[in-house]
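Next up, entry.csv (CSV, C-alpha atoms):
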```csv
chain,number,residue,atom,x,y,z
A,5,GLN,CA,14.4,-2.8,34.2
A,6,VAL,CA,15.0,-2.5,30.4
A,7,GLN,CA,16.7,0.5,28.9
A,8,LEU,CA,16.0,1.3,25.3
A,9,THR,CA,18.1,3.5,23.0
A,10,GLU,CA,16.8,4.6,19.6
A,11,SER,CA,19.0,5.8,16.8
A,12,GLY,CA,18.7,6.3,13.0
A,13,GLY,CA,16.4,9.3,12.8
A,14,GLY,CA,17.2,12.2,10.5
A,15,SER,CA,15.9,14.4,7.7
A,16,VAL,CA,14.9,13.0,4.3
A,17,GLN,CA,12.9,14.0,1.3
A,18,ALA,CA,9.6,12.5,0.5
A,19,GLY,CA,10.0,9.1,-1.1
A,20,GLY,CA,13.2,8.4,0.8
A,21,SER,CA,14.1,5.8,3.4
A,22,LEU,CA,15.4,5.6,6.9
A,23,ARG,CA,16.1,2.7,9.3
A,24,LEU,CA,15.5,3.2,13.0
A,25,SER,CA,17.2,1.0,15.5
A,26,CYS,CA,16.2,0.3,19.1
A,27,ALA,CA,18.9,-1.3,21.3
A,28,ALA,CA,17.7,-3.0,24.5
A,29,SER,CA,19.8,-3.3,27.5
A,30,ALA,CA,18.3,-6.8,28.1
A,31,TYR,CA,16.6,-9.2,25.8
A,32,PRO,CA,15.0,-11.9,27.9
A,33,SER,CA,14.6,-15.4,26.6
A,34,THR,CA,10.8,-15.1,27.2
A,35,GLY,CA,8.9,-12.9,24.8
A,36,TYR,CA,8.6,-9.2,24.8
A,37,CYS,CA,6.3,-7.0,22.8
A,38,MET,CA,8.5,-4.3,21.1
A,39,GLY,CA,6.7,-1.4,19.6
A,40,TRP,CA,7.5,1.7,17.6
A,41,PHE,CA,5.3,4.7,18.3
A,42,ARG,CA,5.4,8.3,17.0
A,43,GLN,CA,4.1,11.6,18.0
A,44,ALA,CA,4.0,14.8,15.9
A,45,PRO,CA,3.6,18.2,17.5
A,46,GLY,CA,0.0,18.8,18.4
A,47,LYS,CA,-1.0,15.3,17.7
A,48,GLU,CA,-1.7,12.2,19.8
A,49,ARG,CA,0.8,9.4,20.0
A,50,GLU,CA,0.3,6.8,17.4
A,51,GLY,CA,1.3,3.1,17.4
A,52,VAL,CA,3.2,2.4,14.2
A,53,ALA,CA,4.4,-1.1,14.3
A,54,ALA,CA,5.0,-3.9,16.9
A,55,ILE,CA,6.7,-7.3,17.1
A,56,TYR,CA,6.4,-10.1,19.6
A,57,THR,CA,10.0,-11.2,20.0
A,58,SER,CA,9.1,-14.8,20.7
A,59,GLY,CA,7.6,-15.8,17.3
A,60,ASP,CA,8.2,-12.7,15.2
A,61,LYS,CA,4.5,-11.9,15.0
A,62,THR,CA,4.1,-8.3,13.7
A,63,LEU,CA,1.4,-5.7,13.4
A,64,TYR,CA,1.3,-2.4,11.6
A,65,ALA,CA,-0.8,0.7,11.6
A,66,ASP,CA,-2.8,1.1,8.4
A,67,SER,CA,-1.0,4.4,7.8
A,68,VAL,CA,2.3,2.6,7.3
A,69,LYS,CA,1.3,-0.8,6.1
A,70,GLY,CA,3.3,-1.8,3.0
A,71,ARG,CA,5.9,1.0,3.6
A,72,PHE,CA,7.4,0.2,7.0
A,73,THR,CA,8.9,-3.1,8.2
A,74,ILE,CA,9.6,-4.0,11.8
A,75,SER,CA,12.2,-6.7,12.5
A,76,GLN,CA,14.5,-7.9,15.3
A,77,ASP,CA,18.0,-9.2,15.7
A,78,SER,CA,17.9,-11.1,19.0
A,79,SER,CA,21.7,-11.6,18.9
A,80,LYS,CA,22.1,-7.8,19.1
A,81,ASN,CA,19.1,-7.2,21.4
A,82,THR,CA,17.9,-4.8,18.7
A,83,VAL,CA,14.6,-4.1,17.0
A,84,TYR,CA,14.6,-2.2,13.7
A,85,LEU,CA,12.0,-0.1,11.8
A,86,GLU,CA,12.7,0.1,8.1
A,87,MET,CA,10.8,3.0,6.7
A,88,ASN,CA,10.4,3.3,2.9
A,89,SER,CA,8.4,5.7,0.7
A,90,LEU,CA,8.4,8.2,3.4
A,91,LYS,CA,5.8,11.0,3.3
A,92,PRO,CA,5.8,14.4,5.0
A,93,GLU,CA,3.0,13.1,7.3
A,94,ASP,CA,5.5,10.6,8.7
A,95,THR,CA,7.4,13.5,10.3
A,96,ALA,CA,7.4,12.9,14.1
A,97,MET,CA,9.4,11.9,17.1
A,98,TYR,CA,9.7,8.1,17.0
A,99,TYR,CA,9.8,6.1,20.2
A,100,CYS,CA,10.7,2.5,20.9
A,101,ALA,CA,8.8,0.8,23.7
A,102,ALA,CA,8.9,-2.6,25.4
A,103,LYS,CA,6.4,-4.7,27.3
A,104,PRO,CA,7.2,-8.0,29.0
A,105,GLY,CA,5.0,-10.8,27.7
A,106,SER,CA,2.4,-10.8,25.0
A,107,LEU,CA,-0.6,-8.7,24.3
A,108,PRO,CA,-3.9,-9.3,22.5
A,109,ARG,CA,-3.6,-8.2,18.9
A,110,TRP,CA,-6.0,-5.3,19.4
A,111,GLN,CA,-3.8,-3.9,22.2
A,112,ILE,CA,-0.3,-4.3,20.7
A,113,LEU,CA,-0.3,-0.8,19.2
A,114,LEU,CA,-1.6,0.9,22.4
A,115,GLY,CA,1.2,2.8,24.1
A,116,ASP,CA,-0.3,2.7,27.6
A,117,LYS,CA,0.2,-1.1,27.6
A,118,TYR,CA,4.0,-0.7,27.4
A,119,ASN,CA,6.3,-0.4,30.4
A,120,TYR,CA,9.6,0.8,29.1
A,121,TRP,CA,10.3,3.7,26.7
A,122,GLY,CA,13.3,5.1,24.9
A,123,GLN,CA,14.1,8.8,24.6
A,124,GLY,CA,13.0,9.1,21.0
A,125,THR,CA,14.6,9.9,17.6
A,126,GLN,CA,13.3,12.6,15.3
A,127,VAL,CA,12.3,11.8,11.8
A,128,THR,CA,11.6,14.7,9.4
A,129,VAL,CA,10.3,14.2,5.9
A,130,SER,CA,10.3,17.2,3.5
A,131,SER,CA,8.2,17.5,0.4
```
Encoding of this model in structure tokens:
Amino acid sequence: QVQLTESGGGSVQAGGSLRLSCAASAYPSTGYCMGWFRQAPGKEREGVAAIYTSGDKTLYADSVKGRFTISQDSSKNTVYLEMNSLKPEDTAMYYCAAKPGSLPRWQILLGDKYNYWGQGTQVTVSS
């Protein structure tokens, strides 16, 4: 069982930056897929970015490519999402998720493939 705790959300103006953190209760030596997902009111959950902890392979949704960066610090059992050039459409609840082992590239941003979820952190971007 892995417990995930997100932090770092908040309110910013368009063009601003935030860094989200996801602390895992356990970070096994074998690889995990760690993903960031978001859901805005009335919209479907969207996979934003993901990283495979063994090898640092990353993948981003087209909507955030070039603006968001996912990274990990295995010494702290933590995954980060650096968000720059934020837009009002980035406003959502952001969730961290984990899945033991790897996933095919085309599945790594699919939330139903993940086993463990955090409670979420709100990001609000005003225009």
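Atom pair atom CA of A:Ser89 / atom CA of A:Gly14: separated by 14.7 Å.
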Coordinates-based distance that separates atom CA of A:Ala102 from atom CA of A:Leu24 (Å, one decimal)
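Those two atoms sit 15.2 Å apart.
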Pick out the closest residue to A:Leu113 from this set: A:Thr62, A:Ser130, A:Gln17, A:Thr125. Count only C-alpha atoms.
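Looking at the shortest contact to A:Leu113, the residue is A:Thr62.
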Option closest in space to A:Lys91, from A:Asp66, A:Val129, A:Arg71, A:Lys47 [counting only C-alpha atoms]
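Selected residue with least distance to A:Lys91: A:Val129.
With distances taken from (4.9, -7.2, 28.2) and restricted to only C-alpha atoms, the residues inside 9 Å are Gly35, Tyr36, Cys37, Met38, Ala102, Lys103, Pro104, Gly105, Ser106, Leu107, Lys117, Tyr118 and Asn119 of chain A.
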Which of A:Asn81, A:Gly51, A:Gly13, A:Gly124 sits closest to A:Ser29 [using all atoms listed in the file]:
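Between A:Asn81, A:Gly51, A:Gly13, A:Gly124, the residue approaching A:Ser29 most closely is A:Asn81.
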Determine, counting all atoms listed in the file, every residue of protein, DNA or RNA that lies within 10 Å of (12.0, -20.3, 23.3) in the file coordinates, then give the result as a VMD selection string.
chain A and resid 33 to 35 57 to 59
Take the residues from that selection and put them in a file with C-alpha atoms, as a compact mmCIF listing (two decimals), in the coordinates of the input.
```txt
# COMPACT_ATOMS: atom_id res chain seq x y z
CA SER A 33 14.60 -15.40 26.60
CA THR A 34 10.80 -15.10 27.20
CA GLY A 35 8.90 -12.90 24.80
CA THR A 57 10.00 -11.20 20.00
CA SER A 58 9.10 -14.80 20.70
CA GLY A 59 7.60 -15.80 17.30
```
Which residue out of A:Gly19, A:Gly70, A:Gly46, A:Gly39 has the minimum interatomic distance to A:Asp116 when all atoms listed in the file are used?
A:Gly39
Rank A:Asp77, A:Ala65, A:Thr128, A:Val83 by their smallest atom-to-atom distance to A:Trp110, using only C-alpha atoms, and report the top residue only.
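Closest to A:Trp110 of all the choices is A:Ala65.
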Nearest residue to A:Gln111 out of A:Val16, A:Ala44, A:Ala53, A:Val6, using all atoms listed in the file?
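Ranked by minimum distance to A:Gln111, first place goes to A:Ala53.
Going from atom CA of A:Pro108 to atom CA of A:Leu63 covers 11.1 Å.
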Since fewer atoms than expected are present, regenerate N, CA, C and O atoms for stretch 6-28 of chain A and write them as a compact mmCIF listing (two decimals), in the frame of the given file.
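As a result, part-v7.txt now contains:
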```
# COMPACT_ATOMS: atom_id res chain seq x y z
N VAL A 6 14.44 -2.45 31.79
CA VAL A 6 15.00 -2.50 30.40
C VAL A 6 15.22 -1.07 29.96
O VAL A 6 14.33 -0.23 30.04
N GLN A 7 16.41 -0.80 29.50
CA GLN A 7 16.70 0.50 28.90
C GLN A 7 16.73 0.39 27.40
O GLN A 7 17.30 -0.56 26.85
N LEU A 8 16.09 1.34 26.75
CA LEU A 8 16.00 1.30 25.30
C LEU A 8 16.63 2.57 24.72
O LEU A 8 16.42 3.67 25.23
N THR A 9 17.39 2.38 23.67
CA THR A 9 18.10 3.50 23.00
C THR A 9 17.80 3.46 21.54
O THR A 9 18.18 2.52 20.85
N GLU A 10 17.12 4.51 21.05
CA GLU A 10 16.80 4.60 19.60
C GLU A 10 17.93 5.36 18.90
O GLU A 10 18.60 6.21 19.48
N SER A 11 18.05 5.05 17.63
CA SER A 11 19.00 5.80 16.80
C SER A 11 18.47 5.64 15.33
O SER A 11 17.59 4.82 15.04
N GLY A 12 19.03 6.44 14.44
CA GLY A 12 18.70 6.30 13.00
C GLY A 12 17.81 7.36 12.45
O GLY A 12 17.54 7.37 11.24
N GLY A 13 17.29 8.24 13.30
CA GLY A 13 16.40 9.30 12.80
C GLY A 13 17.23 10.29 11.94
O GLY A 13 18.45 10.27 11.90
N GLY A 14 16.50 11.16 11.27
CA GLY A 14 17.20 12.20 10.50
C GLY A 14 16.17 12.87 9.57
O GLY A 14 14.95 12.75 9.75
N SER A 15 16.70 13.61 8.61
CA SER A 15 15.90 14.40 7.70
C SER A 15 16.05 13.78 6.27
O SER A 15 17.18 13.57 5.82
N VAL A 16 14.93 13.52 5.62
CA VAL A 16 14.90 13.00 4.30
C VAL A 16 13.86 13.65 3.44
O VAL A 16 12.93 14.25 3.99
N GLN A 17 14.00 13.53 2.14
CA GLN A 17 12.90 14.00 1.30
C GLN A 17 11.88 12.95 1.09
O GLN A 17 12.12 11.76 1.28
N ALA A 18 10.71 13.41 0.71
CA ALA A 18 9.60 12.50 0.50
C ALA A 18 10.03 11.42 -0.54
O ALA A 18 10.70 11.72 -1.53
N GLY A 19 9.64 10.19 -0.24
CA GLY A 19 10.00 9.10 -1.10
C GLY A 19 11.28 8.38 -0.60
O GLY A 19 11.62 7.29 -1.09
N GLY A 20 11.98 8.99 0.32
CA GLY A 20 13.20 8.40 0.80
C GLY A 20 12.99 7.35 1.87
O GLY A 20 11.85 6.99 2.18
N SER A 21 14.11 6.87 2.42
CA SER A 21 14.10 5.80 3.40
C SER A 21 14.96 6.08 4.59
O SER A 21 15.95 6.82 4.47
N LEU A 22 14.57 5.51 5.70
CA LEU A 22 15.40 5.60 6.90
C LEU A 22 15.21 4.22 7.65
O LEU A 22 14.16 3.57 7.50
N ARG A 23 16.22 3.85 8.41
CA ARG A 23 16.10 2.70 9.30
C ARG A 23 16.37 3.11 10.70
O ARG A 23 17.48 3.58 11.01
N LEU A 24 15.38 2.92 11.55
CA LEU A 24 15.50 3.20 13.00
C LEU A 24 15.97 1.93 13.69
O LEU A 24 15.54 0.82 13.34
N SER A 25 16.77 2.12 14.71
CA SER A 25 17.20 1.00 15.50
C SER A 25 16.85 1.26 16.99
O SER A 25 16.86 2.41 17.44
N CYS A 26 16.54 0.20 17.70
CA CYS A 26 16.20 0.30 19.10
C CYS A 26 17.02 -0.79 19.83
O CYS A 26 16.70 -1.98 19.68
N ALA A 27 18.04 -0.38 20.56
CA ALA A 27 18.90 -1.30 21.30
C ALA A 27 18.38 -1.45 22.70
O ALA A 27 18.20 -0.45 23.40
N ALA A 28 18.14 -2.68 23.12
CA ALA A 28 17.70 -3.00 24.50
C ALA A 28 18.81 -3.41 25.35
O ALA A 28 19.68 -4.16 24.92
```
